[in-house]
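> Could you have a look at this structure, given as structure tokens, before my questions?
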Amino acid sequence: MNHDAYPADYIRGILQQVRTVALVGASNNAVRPSFLVMKYLLDKGYAVIPVNPGLAGQQILGQTVYAALKDIPVKIDMVDIFRNSDAAGPITDEALELKPKPGVIWMQLSVRDDAAAARAEAAGVQVVMNRCPKMEYGKLSGEWAWVGGDSGLVSSRRQSLHESGRMQSLGLGLRREN
């Protein structure tokens, strides 16, 4: 996989298959990017589990915070790493020890660890680096254009509302089961 340019179908496929996201580096500060991404993903219907050892046992946006990935009692589909690049390798290794392994390791904007990505891919896990799932979802759904962003996609297809009726979804039949 070329980790400098991800095809839209690769990102779309990940965002469609994922149901449960462990957000490592979650913050309870409403102005921090990790808080905003968590809120956005929750609003889109994903189950988002915050991971932050300093906040373990507390709640962020109504979700219980865990100290480590291994403490999460449910299957994780995607680990979203909201830490620096130096922390990405150990977090990836922790994720790869989970049974079952998550299907995706996602490293946030400016987070990159090629060696960790190679280990994950060798274990059959998809990897995205230096991208934000909130931004990628927005690009694919057309929301990005609302704020003047260029999604890089051209489509004549009308966007559809998320089942909440409040915002757009990917418009690809993405429905969340509770």
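To be explicit about the labels: the chains of the structure tokens are called A, B, and onward in the order shown, and within each one the residues are counted from 1, while ligands get numbers from 1 in the order they are shown.
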For Met78 in chain A, list every protein, DNA or RNA residue within 8 Å, evaluated using only C-alpha atoms, and leave out those in the same chain fewer than 2 positions away; present the list as a list in words.
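Contacts, with the query itself left out: Val18, Thr20, Val21, Ala22, Ile76, Asp80, Pro102, Gly103, Val104, Ile105 and Trp106 of chain A.
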> Any idea what's packed within 10 Å of Cys132 in chain A, counting only C-alpha atoms, ignoring anything in its chain fewer than 5 positions away? Could you give it as a list in words?
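Near neighbours after the sequence-gap exclusion: Pro33, Ser34, Val37, Asp80, Ile81, Phe82, Trp106, Met107, Gln108, Leu109, Ser110, Val111, Tyr137 and Gly138 of chain A.
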> Could you name the residues that touch range 88-96 of chain A at 9 Å or less, counting only C-alpha atoms, but leaving out those on the same chain fewer than 6 positions away, as a CSV table (one decimal) with N, CA, C and O atoms, in the first residue's frame?

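Below is the file that was written, selection_31.csv:
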chain,number,residue,atom,x,y,z
A,24,VAL,N,-7.3,6.2,20.8
A,24,VAL,CA,-6.2,6.3,21.8
A,24,VAL,C,-5.7,7.7,21.8
A,24,VAL,O,-5.3,8.2,20.8
A,68,ALA,N,-6.2,1.2,28.6
A,68,ALA,CA,-5.4,0.6,27.6
A,68,ALA,C,-6.3,-0.2,26.6
A,68,ALA,O,-7.5,-0.5,27.0
A,69,LEU,N,-5.9,-0.5,25.4
A,69,LEU,CA,-6.7,-1.2,24.5
A,69,LEU,C,-7.1,-2.6,25.1
A,69,LEU,O,-8.2,-3.0,24.9
A,70,LYS,N,-6.2,-3.2,25.8
A,70,LYS,CA,-6.5,-4.6,26.3
A,70,LYS,C,-7.6,-4.6,27.3
A,70,LYS,O,-8.2,-5.6,27.6
A,79,VAL,N,-8.4,1.0,15.5
A,79,VAL,CA,-7.7,1.8,16.5
A,79,VAL,C,-7.3,3.1,15.8
A,79,VAL,O,-6.5,3.1,14.8
A,81,ILE,N,-5.2,6.3,16.3
A,81,ILE,CA,-4.1,6.7,17.2
A,81,ILE,C,-4.0,8.2,17.1
A,81,ILE,O,-3.6,8.8,16.1
A,82,PHE,N,-4.4,8.9,18.2
A,82,PHE,CA,-4.3,10.3,18.4
A,82,PHE,C,-3.2,10.7,19.3
A,82,PHE,O,-3.3,11.4,20.3
A,102,PRO,N,-7.8,-5.9,15.7
A,102,PRO,CA,-8.7,-4.9,14.9
A,102,PRO,C,-8.4,-5.1,13.4
A,102,PRO,O,-7.3,-5.5,13.1
A,105,ILE,N,-5.7,-0.1,11.6
A,105,ILE,CA,-4.9,0.8,12.5
A,105,ILE,C,-4.9,2.2,11.7
A,105,ILE,O,-4.5,2.2,10.5
A,107,MET,N,-3.7,6.1,11.9
A,107,MET,CA,-2.9,7.1,12.5
A,107,MET,C,-3.3,8.5,12.0
A,107,MET,O,-3.4,8.8,10.9
A,111,VAL,N,0.8,11.8,12.1
A,111,VAL,CA,1.3,10.6,12.8
A,111,VAL,C,1.6,9.6,11.7
A,111,VAL,O,0.8,9.2,10.9
A,112,ARG,N,2.9,9.1,11.8
A,112,ARG,CA,3.4,8.1,10.8
A,112,ARG,C,4.5,7.3,11.4
A,112,ARG,O,5.4,7.8,12.1
A,113,ASP,N,4.3,6.0,11.2
A,113,ASP,CA,5.4,5.0,11.6
A,113,ASP,C,5.3,3.9,10.6
A,113,ASP,O,4.5,3.0,10.6
A,114,ASP,N,6.2,4.0,9.6
A,114,ASP,CA,6.3,3.0,8.5
A,114,ASP,C,6.5,1.6,9.0
A,114,ASP,O,6.0,0.6,8.4
A,115,ALA,N,7.4,1.4,10.0
A,115,ALA,CA,7.7,0.1,10.5
A,115,ALA,C,6.5,-0.5,11.2
A,115,ALA,O,6.2,-1.7,11.0
A,116,ALA,N,5.8,0.3,11.9
A,116,ALA,CA,4.6,-0.2,12.6
A,116,ALA,C,3.5,-0.6,11.5
A,116,ALA,O,2.8,-1.6,11.7
A,117,ALA,N,3.4,0.3,10.5
A,117,ALA,CA,2.5,0.0,9.4
A,117,ALA,C,2.8,-1.4,8.7
A,117,ALA,O,1.9,-2.2,8.5
A,119,ARG,N,4.4,-3.9,10.1
A,119,ARG,CA,4.0,-5.0,11.0
A,119,ARG,C,2.5,-5.3,11.0
A,119,ARG,O,2.1,-6.4,11.0
A,120,ALA,N,1.7,-4.2,11.0
A,120,ALA,CA,0.3,-4.4,11.0
A,120,ALA,C,-0.2,-5.0,9.7
A,120,ALA,O,-1.0,-6.0,9.7
A,123,ALA,N,0.4,-8.6,9.5
A,123,ALA,CA,-0.6,-9.3,10.3
A,123,ALA,C,-2.0,-9.3,9.7
A,123,ALA,O,-2.9,-9.8,10.4
A,125,VAL,N,-3.7,-6.5,8.8
A,125,VAL,CA,-4.5,-5.3,9.3
A,125,VAL,C,-4.3,-4.2,8.3
A,125,VAL,O,-3.2,-3.9,7.9
> Which of chain A counts as strand (DSSP E or B) under DSSP, as a PyMOL selection string please?
chain A and resi 20-24+47-51+59-60+63-64+66+78-81+104-107+126-128+161+168
> Just N, CA and C atoms for this one: save the residues we selected as a short mmCIF file (atom, residue, chain, number, x, y, z; two decimals), in the first residue's frame.

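Ended up saving to selection_12.cif:
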data_model
loop_
_atom_site.label_atom_id
_atom_site.label_comp_id
_atom_site.auth_asym_id
_atom_site.auth_seq_id
_atom_site.Cartn_x
_atom_site.Cartn_y
_atom_site.Cartn_z
N THR A 20 -16.80 -0.22 15.49
CA THR A 20 -16.28 0.15 16.81
C THR A 20 -14.87 0.70 16.68
N VAL A 21 -14.67 1.91 17.19
CA VAL A 21 -13.39 2.60 17.10
C VAL A 21 -12.85 2.84 18.50
N ALA A 22 -11.61 2.40 18.74
CA ALA A 22 -10.91 2.75 19.98
C ALA A 22 -10.06 3.98 19.67
N LEU A 23 -10.35 5.09 20.32
CA LEU A 23 -9.64 6.34 20.07
C LEU A 23 -8.58 6.53 21.15
N VAL A 24 -7.33 6.22 20.80
CA VAL A 24 -6.22 6.28 21.75
C VAL A 24 -5.68 7.70 21.79
N ALA A 47 -19.50 3.41 17.21
CA ALA A 47 -19.26 3.25 18.64
C ALA A 47 -17.80 3.67 18.85
N VAL A 48 -17.58 4.68 19.67
CA VAL A 48 -16.22 5.18 19.89
C VAL A 48 -15.87 5.00 21.36
N ILE A 49 -14.77 4.30 21.59
CA ILE A 49 -14.31 4.00 22.95
C ILE A 49 -13.04 4.79 23.21
N PRO A 50 -13.11 5.75 24.15
CA PRO A 50 -11.91 6.55 24.44
C PRO A 50 -10.89 5.77 25.26
N VAL A 51 -9.61 5.97 24.92
CA VAL A 51 -8.50 5.33 25.64
C VAL A 51 -7.55 6.43 26.08
N GLN A 59 -15.83 9.52 32.07
CA GLN A 59 -16.65 9.51 30.87
C GLN A 59 -16.25 10.67 29.96
N ILE A 60 -16.22 10.40 28.66
CA ILE A 60 -16.09 11.44 27.65
C ILE A 60 -17.26 11.25 26.71
N GLN A 63 -19.15 8.12 27.10
CA GLN A 63 -18.46 6.85 26.86
C GLN A 63 -17.40 6.64 27.93
N THR A 64 -17.33 5.45 28.49
CA THR A 64 -16.35 5.13 29.52
C THR A 64 -14.94 5.12 28.92
N TYR A 66 -11.06 3.98 28.93
CA TYR A 66 -10.22 2.85 29.34
C TYR A 66 -8.77 3.27 29.35
N MET A 78 -11.39 -0.76 14.70
CA MET A 78 -10.36 0.18 14.27
C MET A 78 -9.74 0.86 15.49
N VAL A 79 -8.42 0.99 15.47
CA VAL A 79 -7.71 1.76 16.49
C VAL A 79 -7.29 3.06 15.83
N ASP A 80 -7.79 4.17 16.36
CA ASP A 80 -7.46 5.51 15.87
C ASP A 80 -6.42 6.09 16.81
N ILE A 81 -5.19 6.28 16.32
CA ILE A 81 -4.09 6.73 17.16
C ILE A 81 -3.99 8.24 17.12
N VAL A 104 -8.26 -2.49 11.40
CA VAL A 104 -7.66 -1.26 10.89
C VAL A 104 -6.86 -0.57 11.99
N ILE A 105 -5.68 -0.09 11.62
CA ILE A 105 -4.91 0.84 12.45
C ILE A 105 -4.92 2.16 11.69
N TRP A 106 -5.43 3.21 12.32
CA TRP A 106 -5.53 4.52 11.68
C TRP A 106 -4.69 5.49 12.49
N MET A 107 -3.72 6.12 11.86
CA MET A 107 -2.86 7.11 12.51
C MET A 107 -3.29 8.50 12.05
N GLN A 126 -5.39 -3.54 7.93
CA GLN A 126 -5.30 -2.37 7.05
C GLN A 126 -4.73 -1.20 7.84
N VAL A 127 -4.01 -0.32 7.13
CA VAL A 127 -3.37 0.82 7.78
C VAL A 127 -3.65 2.10 7.01
N VAL A 128 -3.91 3.17 7.76
CA VAL A 128 -4.00 4.52 7.21
C VAL A 128 -3.11 5.38 8.10
N LEU A 161 -29.07 12.09 3.56
CA LEU A 161 -28.97 12.40 4.99
C LEU A 161 -28.66 11.15 5.78
N GLN A 168 -25.29 14.68 6.65
CA GLN A 168 -25.09 13.75 5.56
C GLN A 168 -24.34 12.52 6.02
#
> As an exercise, work out the distance from CA of His3 in chain A to CA of Arg131 in chain A in Å and give it to one decimal place.
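According to the coordinates, CA of His3 in chain A and CA of Arg131 in chain A are separated by 10.0 Å.
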> Which is closer to Gln58 in chain A than all the others in A:Asp43, A:Asn84, A:Leu36, A:Ala26, using only C-alpha atoms?
A:Ala26
> Tell me which of A:Met129, A:Met1, A:Val65, A:Leu41 sits closest to Leu15 in chain A, counting only C-alpha atoms.
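Looking at the shortest contact to Leu15 in chain A, the residue is A:Leu41.
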> Pick the closest to Ser27 in chain A from A:Lys101, A:Lys75, A:Lys44, A:Arg83: which is it, counting only C-alpha atoms?
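Using only C-alpha atoms, Ser27 in chain A sits closest to A:Arg83.
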> Skipping near chain neighbours, those fewer than 2 positions away, what residues fall within 8 Å of Gly54 in chain A using only C-alpha atoms, listed as a ChimeraX atom specification?
/A:52,56,67
> Measuring between only C-alpha atoms, which one of A:Ile72, A:Asp77, A:Ala118, A:Leu98 shows the shortest distance to Ile14 in chain A?
A:Asp77
> From the list A:Ala5, A:Met135, A:Ala30, A:Pro53, which residue is nearest Asp71 in chain A when using only C-alpha atoms?
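Ranking A:Ala5, A:Met135, A:Ala30, A:Pro53 by distance to Asp71 in chain A, first place goes to A:Pro53.
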> In Å, with one decimal, what is the gap from CA of Arg19 in chain A to CA of Gly124 in chain A?
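Computed distance, CA of Arg19 in chain A to CA of Gly124 in chain A, equals 18.1 Å.
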> Pick out each residue of range 4-151 of chain A that DSSP on the backbone tags as alpha helix (DSSP H); I need them as number ranges by chain.
A: 8-17, 33-43, 85-96, 114-122, 133-141, 143-146
> Which residue out of A:Gln16, A:Ala87, A:Glu97, A:Phe35 has the minimum interatomic distance to Gly62 in chain A when only C-alpha atoms are used?
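Closest candidate: A:Phe35.
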